[in-house]
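Here's my_file23.txt, which has compact mmCIF, C-alpha atoms:
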```txt
# COMPACT_ATOMS: atom_id res chain seq x y z
CA MET G 1 -68.79 13.62 -28.97
CA THR G 2 -66.90 14.54 -32.10
CA SER G 3 -66.26 12.76 -35.36
CA ASP G 4 -62.65 12.45 -34.15
CA TYR G 5 -63.78 10.28 -31.22
CA ALA G 6 -65.95 8.12 -33.46
CA ARG G 7 -62.94 7.67 -35.76
CA TYR G 8 -60.80 6.72 -32.73
CA LEU G 9 -63.29 4.01 -31.75
CA ALA G 10 -63.38 2.69 -35.31
CA ALA G 11 -59.56 2.72 -35.50
CA LYS G 12 -59.41 0.85 -32.18
CA THR G 13 -61.43 -2.04 -33.59
CA THR G 14 -58.45 -3.90 -35.06
CA VAL G 15 -56.41 -3.23 -31.91
CA ASP G 16 -59.13 -4.78 -29.75
CA ASP G 17 -59.55 -7.65 -32.21
CA ARG G 18 -55.97 -8.73 -31.52
CA ALA G 19 -56.11 -7.97 -27.81
CA LEU G 20 -59.25 -9.76 -26.64
CA ASN G 21 -58.25 -12.86 -24.73
CA ARG G 22 -59.22 -15.99 -26.67
CA HIS G 23 -59.32 -18.24 -23.60
CA VAL G 24 -61.80 -15.90 -21.92
CA LEU G 25 -63.75 -15.60 -25.18
CA ALA G 26 -63.98 -19.40 -25.41
CA GLU G 27 -65.46 -19.47 -21.90
CA LEU G 28 -67.97 -16.79 -22.91
CA ARG G 29 -69.03 -18.97 -25.84
CA ARG G 30 -69.49 -21.92 -23.48
CA LEU G 31 -71.59 -19.86 -21.06
CA MET G 32 -73.62 -18.04 -23.70
CA PRO G 33 -77.31 -19.01 -23.39
CA GLY G 34 -78.88 -20.59 -26.44
CA GLY G 35 -81.82 -19.32 -28.42
CA ALA G 36 -82.33 -15.57 -28.50
CA PRO G 37 -80.58 -14.05 -25.47
CA GLN G 38 -81.02 -10.52 -24.16
CA VAL G 39 -77.60 -8.81 -24.25
CA LEU G 40 -76.77 -5.45 -22.68
CA GLU G 41 -73.52 -3.63 -23.41
CA VAL G 42 -72.74 -0.60 -21.23
CA GLY G 43 -70.57 2.16 -22.64
CA ALA G 44 -71.13 0.56 -26.02
CA GLY G 45 -69.80 3.46 -28.06
CA LEU G 46 -69.84 2.89 -31.80
CA GLY G 47 -71.21 -0.66 -31.66
CA THR G 48 -67.99 -2.34 -32.72
CA MET G 49 -68.45 -5.15 -30.17
CA VAL G 50 -71.82 -6.33 -31.46
CA ALA G 51 -70.35 -6.34 -34.98
CA ARG G 52 -67.33 -8.27 -33.76
CA LEU G 53 -69.39 -10.88 -31.93
CA MET G 54 -71.57 -11.41 -35.00
CA ASP G 55 -68.46 -11.70 -37.18
CA TRP G 56 -67.03 -14.26 -34.76
CA GLY G 57 -70.28 -16.25 -34.59
CA ALA G 58 -70.74 -15.71 -30.85
CA ILE G 59 -74.09 -13.91 -31.25
CA GLY G 60 -76.63 -14.26 -34.03
CA ALA G 61 -80.14 -13.81 -32.63
CA GLY G 62 -82.04 -12.12 -29.84
CA GLU G 63 -81.73 -8.52 -28.69
CA TYR G 64 -78.55 -6.52 -28.14
CA ILE G 65 -78.85 -3.17 -26.34
CA LEU G 66 -76.16 -0.53 -26.86
CA LEU G 67 -76.17 1.74 -23.78
CA ASP G 68 -74.12 4.92 -23.92
CA ALA G 69 -74.17 8.41 -22.39
CA ASP G 70 -73.37 10.07 -25.73
CA ARG G 71 -76.43 10.48 -27.94
CA GLN G 72 -74.38 11.66 -30.94
CA LEU G 73 -72.19 8.60 -30.66
CA LEU G 74 -75.23 6.35 -30.70
CA ASP G 75 -76.40 8.11 -33.85
CA CYS G 76 -72.99 7.40 -35.36
CA SER G 77 -73.30 3.76 -34.29
CA ARG G 78 -76.46 3.35 -36.36
CA ARG G 79 -74.66 4.59 -39.49
CA TRP G 80 -71.50 2.61 -38.71
CA LEU G 81 -73.44 -0.64 -38.17
CA CYS G 82 -75.44 -0.11 -41.37
CA ASP G 83 -72.20 0.24 -43.34
CA TRP G 84 -70.73 -2.81 -41.58
CA ALA G 85 -73.81 -4.92 -42.33
CA ALA G 86 -73.89 -3.82 -45.98
CA ALA G 87 -70.21 -4.67 -46.42
CA ARG G 88 -70.94 -8.24 -45.24
CA GLY G 89 -74.12 -8.69 -47.24
CA LEU G 90 -76.24 -8.97 -44.11
CA ARG G 91 -79.92 -8.14 -44.18
CA SER G 92 -80.53 -4.98 -42.17
CA GLU G 93 -83.45 -2.68 -41.47
CA LEU G 94 -83.54 0.63 -39.62
CA LEU G 95 -85.94 0.77 -36.67
CA PRO G 96 -87.09 3.77 -34.61
CA ASP G 97 -84.87 2.73 -31.68
CA GLY G 98 -82.09 0.95 -33.55
CA MET G 99 -81.89 -1.61 -36.31
CA GLN G 100 -82.43 -5.25 -37.22
CA VAL G 101 -79.44 -7.21 -38.52
CA ASP G 102 -80.52 -10.63 -39.76
CA ASP G 103 -82.03 -12.27 -36.65
CA LEU G 104 -80.51 -9.84 -34.14
CA ARG G 105 -82.34 -6.71 -33.02
CA VAL G 106 -79.93 -3.94 -31.99
CA ARG G 107 -81.47 -1.28 -29.74
CA LEU G 108 -79.86 2.08 -28.95
CA MET G 109 -80.34 3.38 -25.41
CA HIS G 110 -79.15 6.82 -24.35
CA ALA G 111 -78.32 6.95 -20.62
CA GLU G 112 -75.46 7.81 -18.29
CA LEU G 113 -74.45 4.62 -16.50
CA GLY G 114 -74.77 5.90 -12.93
CA ARG G 115 -78.26 7.26 -13.49
CA TYR G 116 -79.25 4.13 -15.40
CA LEU G 117 -78.25 1.98 -12.43
CA GLU G 118 -80.33 4.16 -10.11
CA ALA G 119 -83.45 4.00 -12.27
CA ALA G 120 -86.02 1.28 -12.78
CA HIS G 121 -85.31 -1.12 -15.63
CA GLY G 122 -87.18 -3.45 -17.91
CA ALA G 123 -86.30 -7.07 -18.51
CA LEU G 124 -83.02 -8.23 -17.01
CA ALA G 125 -80.21 -9.18 -19.37
CA ASP G 126 -78.92 -12.69 -19.93
CA VAL G 127 -75.48 -11.33 -20.88
CA LEU G 128 -73.77 -8.13 -19.72
CA ILE G 129 -70.78 -6.72 -21.62
CA ALA G 130 -68.45 -3.86 -20.69
CA ASN G 131 -65.50 -3.30 -23.02
CA ALA G 132 -62.83 -0.74 -22.01
CA VAL G 133 -65.35 0.75 -19.56
CA LEU G 134 -64.73 -0.41 -15.99
CA ASP G 135 -61.43 1.47 -15.68
CA LEU G 136 -63.49 4.63 -16.26
CA VAL G 137 -65.79 4.16 -13.25
CA ASP G 138 -65.62 3.58 -9.49
CA VAL G 139 -65.82 -0.22 -9.71
CA PRO G 140 -66.59 -1.02 -6.02
CA ALA G 141 -69.52 1.40 -6.13
CA VAL G 142 -70.79 0.43 -9.59
CA LEU G 143 -70.24 -3.33 -9.77
CA PRO G 144 -73.10 -4.52 -7.52
CA GLY G 145 -75.58 -2.46 -9.55
CA LEU G 146 -74.16 -3.78 -12.81
CA LEU G 147 -74.57 -7.37 -11.68
CA ARG G 148 -78.18 -6.66 -10.70
CA LEU G 149 -78.87 -5.91 -14.38
CA LEU G 150 -78.40 -9.64 -15.03
CA VAL G 151 -80.79 -12.50 -14.45
CA PRO G 152 -79.61 -14.73 -11.57
CA GLY G 153 -76.67 -16.68 -12.90
CA GLY G 154 -76.45 -14.44 -15.97
CA VAL G 155 -73.16 -14.07 -17.83
CA TYR G 156 -70.84 -11.07 -17.62
CA TRP G 157 -67.91 -10.38 -19.98
CA PHE G 158 -65.73 -7.48 -18.83
CA THR G 159 -62.91 -6.82 -21.27
CA ILE G 160 -59.94 -4.49 -21.90
CA ASN G 161 -59.59 -3.41 -18.26
CA TYR G 162 -56.45 -1.29 -17.91
CA ASP G 163 -53.91 -2.58 -15.41
CA GLY G 164 -51.34 0.12 -14.74
CA GLU G 165 -48.71 -0.40 -17.42
CA SER G 166 -48.17 1.50 -20.66
CA ILE G 167 -44.98 1.06 -22.63
CA PHE G 168 -43.74 3.28 -25.43
CA ALA G 169 -40.68 2.18 -27.35
CA PRO G 170 -37.98 3.24 -28.06
CA GLY G 171 -37.53 4.47 -24.50
CA HIS G 172 -37.42 8.14 -23.56
CA PRO G 173 -35.86 9.78 -20.46
CA HIS G 174 -39.24 11.22 -19.43
CA ASP G 175 -41.27 8.00 -19.79
CA ASP G 176 -41.56 7.26 -16.06
CA GLN G 177 -42.38 10.86 -15.17
CA VAL G 178 -45.07 11.15 -17.84
CA MET G 179 -46.75 7.82 -17.15
CA GLN G 180 -46.73 8.22 -13.37
CA ALA G 181 -48.45 11.59 -13.77
CA TYR G 182 -50.93 10.13 -16.26
CA HIS G 183 -51.82 7.25 -13.94
CA ARG G 184 -52.31 9.68 -11.08
CA ASP G 185 -54.64 11.71 -13.26
CA MET G 186 -56.63 8.54 -14.02
CA ASP G 187 -56.89 7.76 -10.31
CA GLU G 188 -58.20 11.26 -9.49
CA ARG G 189 -60.62 11.60 -12.42
CA VAL G 190 -64.22 12.67 -11.69
CA ARG G 191 -67.15 12.54 -14.13
CA TYR G 192 -70.82 13.25 -13.49
CA GLY G 193 -69.82 14.12 -9.93
CA ARG G 194 -68.45 10.62 -9.25
CA PRO G 195 -64.97 9.05 -9.11
CA ALA G 196 -64.24 7.83 -12.61
CA GLY G 197 -61.16 5.74 -12.96
CA ASP G 198 -58.49 3.49 -11.52
CA SER G 199 -55.18 2.87 -13.23
CA ARG G 200 -55.01 -0.63 -11.73
CA THR G 201 -58.56 -1.76 -12.37
CA GLY G 202 -57.49 -5.02 -14.02
CA ARG G 203 -55.74 -6.62 -11.06
CA ARG G 204 -58.30 -5.29 -8.56
CA LEU G 205 -61.24 -6.79 -10.44
CA PHE G 206 -60.30 -10.26 -9.17
CA HIS G 207 -61.12 -9.13 -5.61
CA TYR G 208 -64.02 -6.87 -6.55
CA LEU G 209 -65.80 -9.65 -8.43
CA ARG G 210 -65.29 -12.16 -5.63
CA ALA G 211 -66.51 -9.65 -3.03
CA ALA G 212 -69.64 -9.10 -5.16
CA GLY G 213 -70.37 -12.84 -5.16
CA ALA G 214 -69.45 -13.24 -8.82
CA PRO G 215 -65.87 -14.56 -9.01
CA ALA G 216 -64.36 -14.83 -12.46
CA LEU G 217 -64.65 -18.21 -14.15
CA ALA G 218 -61.87 -17.26 -16.57
CA ALA G 219 -59.45 -14.33 -16.80
CA GLY G 220 -56.54 -13.44 -19.02
CA SER G 221 -54.47 -10.64 -20.47
CA SER G 222 -55.79 -8.51 -23.33
CA ASP G 223 -52.85 -6.23 -24.02
CA TRP G 224 -52.94 -3.64 -26.75
CA VAL G 225 -49.84 -4.10 -28.92
CA VAL G 226 -49.47 -1.64 -31.78
CA SER G 227 -46.48 -1.49 -34.13
CA ALA G 228 -45.81 -0.76 -37.77
CA GLY G 229 -45.29 -3.53 -40.28
CA PRO G 230 -42.07 -4.21 -42.22
CA ASP G 231 -43.06 -1.49 -44.69
CA GLY G 232 -43.19 1.10 -41.89
CA ASN G 233 -46.98 1.46 -42.06
CA TYR G 234 -49.37 0.74 -39.20
CA PRO G 235 -52.30 -1.62 -39.88
CA GLY G 236 -55.66 -0.10 -40.78
CA ASP G 237 -56.15 3.26 -39.10
CA GLU G 238 -53.93 2.41 -36.14
CA ALA G 239 -51.60 5.38 -36.69
CA TYR G 240 -54.64 7.54 -35.90
CA PHE G 241 -55.31 5.39 -32.84
CA LEU G 242 -51.78 6.08 -31.60
CA ARG G 243 -52.10 9.81 -32.25
CA SER G 244 -55.29 9.73 -30.18
CA ILE G 245 -53.49 8.01 -27.30
CA LEU G 246 -50.78 10.69 -27.35
CA SER G 247 -53.44 13.42 -27.47
CA THR G 248 -55.23 11.85 -24.50
CA ILE G 249 -52.04 11.97 -22.44
CA GLN G 250 -51.35 15.53 -23.55
CA ASN G 251 -54.84 16.71 -22.62
CA ALA G 252 -54.70 14.96 -19.24
CA LEU G 253 -51.34 16.50 -18.29
CA ARG G 254 -51.40 19.96 -19.84
CA SER G 255 -52.73 21.41 -16.58
CA ARG G 256 -50.51 19.24 -14.38
CA GLN G 257 -47.40 21.41 -14.40
CA ASP G 258 -46.68 20.41 -10.81
CA ARG G 259 -46.18 16.82 -12.00
CA VAL G 260 -44.57 17.19 -15.42
CA GLU G 261 -42.65 20.25 -16.52
CA PRO G 262 -44.28 21.71 -19.64
CA ALA G 263 -40.96 21.61 -21.48
CA ASP G 264 -40.46 17.93 -20.57
CA LEU G 265 -43.97 16.99 -21.72
CA ALA G 266 -43.54 18.96 -24.94
CA ASP G 267 -40.24 17.20 -25.65
CA TRP G 268 -41.74 13.77 -24.93
CA LEU G 269 -44.72 14.43 -27.21
CA ALA G 270 -42.54 15.83 -30.00
CA VAL G 271 -40.25 12.80 -29.97
CA ARG G 272 -43.18 10.38 -29.88
CA GLY G 273 -44.84 12.24 -32.74
CA ARG G 274 -41.73 11.98 -34.91
CA GLN G 275 -41.40 8.27 -34.11
CA LEU G 276 -45.03 7.71 -35.04
CA ALA G 277 -44.62 9.53 -38.36
CA ALA G 278 -41.56 7.41 -39.12
CA GLY G 279 -43.31 4.14 -38.23
CA GLU G 280 -40.91 3.57 -35.33
CA LEU G 281 -43.25 3.94 -32.35
CA VAL G 282 -44.36 0.81 -30.49
CA TYR G 283 -47.17 1.00 -27.94
CA ILE G 284 -48.14 -1.66 -25.41
CA ALA G 285 -50.86 -1.33 -22.75
CA HIS G 286 -51.44 -4.09 -20.21
CA GLN G 287 -55.10 -5.04 -19.70
CA LEU G 288 -57.20 -7.95 -18.43
CA ASP G 289 -60.43 -9.71 -19.51
CA PHE G 290 -62.91 -11.49 -17.22
CA VAL G 291 -65.96 -13.70 -17.70
CA GLY G 292 -68.25 -15.20 -15.08
CA ARG G 293 -71.78 -15.41 -13.75
CA SER G 294 -73.83 -13.06 -11.60
CA PRO G 295 -74.84 -14.19 -8.08
CA GLY G 296 -77.67 -16.70 -7.92
```
Could you render the structure from this file as structure tokens?
Amino acid sequence: MTSDYARYLAAKTTVDDRALNRHVLAELRRLMPGGAPQVLEVGAGLGTMVARLMDWGAIGAGEYILLDADRQLLDCSRRWLCDWAAARGLRSELLPDGMQVDDLRVRLMHAELGRYLEAAHGALADVLIANAVLDLVDVPAVLPGLLRLLVPGGVYWFTINYDGESIFAPGHPHDDQVMQAYHRDMDERVRYGRPAGDSRTGRRLFHYLRAAGAPALAAGSSDWVVSAGPDGNYPGDEAYFLRSILSTIQNALRSRQDRVEPADLADWLAVRGRQLAAGELVYIAHQLDFVGRSPG
């Protein structure tokens, strides 16, 4: 993990804020257990989701576990959450394994998801959250184990699941070639010795969840839409977010010369970079959110 990736996750916060489906969020609020629930977020990254849910009044007490495979990122999350809490005047206290924010205890847990699912666990969660994570794993193989992390009838909220469509505007002659190659790279990705991605995760989750005995109770689109304002400036740090998206595509395809000619990729990236600098680039990514209950 680098500081660049932590900055990308922080820059993505405002993009996700706009994208998260409000209908699905309202159903999450309805299903959320009262009192002090046990919440587990897998692939939690910088901790932006726990901050968001506290800001939105969806969570205020109990225990919230941030599970991530990147220890450095979890260390960054502690600092990021401290700054976030201080900016809002919230009472916070550092703990050996995380921090206390008002009535919510936030615990940091370092583990790779696949190994975590194979190991023994403590108390089951009342709520399971995965934000922009399931399109990075082999969902049919992972989903049953994820649902077993919940108490019977526990609540899952799976958000920002990519669904096979990225749009960059204005159009470019190499758009189709670049995106088809990028989607193919997603479909063939391997991490920790396991398949790690599906460019059409969103639409396939409807079937995967039903097959796992946990059909969605609500679903809806959560598209990323990023564009500059009338003054030509992107909101917050979203220009950096867009540069990171372009870099991700570049890194994925730089060794795929059989799919995209190096000169074509270089031209596409150069044009997109100039459009971004001029505040002309628009980016849209189609994604889906789901909420429901575990079997039982």
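Proximity to G:Gly34 was assessed for G:Leu46, G:Asp17, G:Thr248, G:Gly60 counting only C-alpha atoms; the smallest distance is recorded for G:Gly60.
We find atom CA of G:Trp56 and atom CA of G:Arg148 to be spaced 27.6 Å apart.
Distance annotation: of G:Thr13, G:Gln275, G:Ser222, G:Gln257, the residue with the minimal separation from G:Pro170 is G:Gln275; atom set is all atoms listed in the file.
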Exercise: G:Glu27 partners within 12 Å, all atoms listed in the file, chain neighbours under 3 positions left out, as a count of residues only: 22
Report as JSON lines the residues of stretch 179-275 of chain G within 12 Å of stretch 101-118 of chain G, each with its shortest atom pair and distance in Å (one decimal), using all atoms listed in the file, ordered by chain and increasing residue number.
```
{"residue": "G:Arg191", "atom": "CA", "partner": "G:Gly114", "partner_atom": "CA", "distance": 10.2}
{"residue": "G:Tyr192", "atom": "CA", "partner": "G:Gly114", "partner_atom": "CA", "distance": 8.4}
{"residue": "G:Gly193", "atom": "CA", "partner": "G:Gly114", "partner_atom": "CA", "distance": 10.1}
{"residue": "G:Arg194", "atom": "CA", "partner": "G:Gly114", "partner_atom": "CA", "distance": 8.7}
{"residue": "G:Pro195", "atom": "CA", "partner": "G:Gly114", "partner_atom": "CA", "distance": 11.0}
{"residue": "G:Ala196", "atom": "CA", "partner": "G:Gly114", "partner_atom": "CA", "distance": 10.7}
```
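Using only C-alpha atoms, the nearest neighbour of G:Gly35 within the list G:Pro262, G:Ala87, G:Met49, G:Gly62 is G:Gly62.
Residue nearest G:Asp68 within the list G:Leu28, G:Ala239, G:Val133, G:Ala123: G:Val133 [criterion: smallest interatomic distance, only C-alpha atoms].
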As a check of understanding: the span from atom CA of G:Met186 to atom CA of G:Asp163 is 11.5 Å
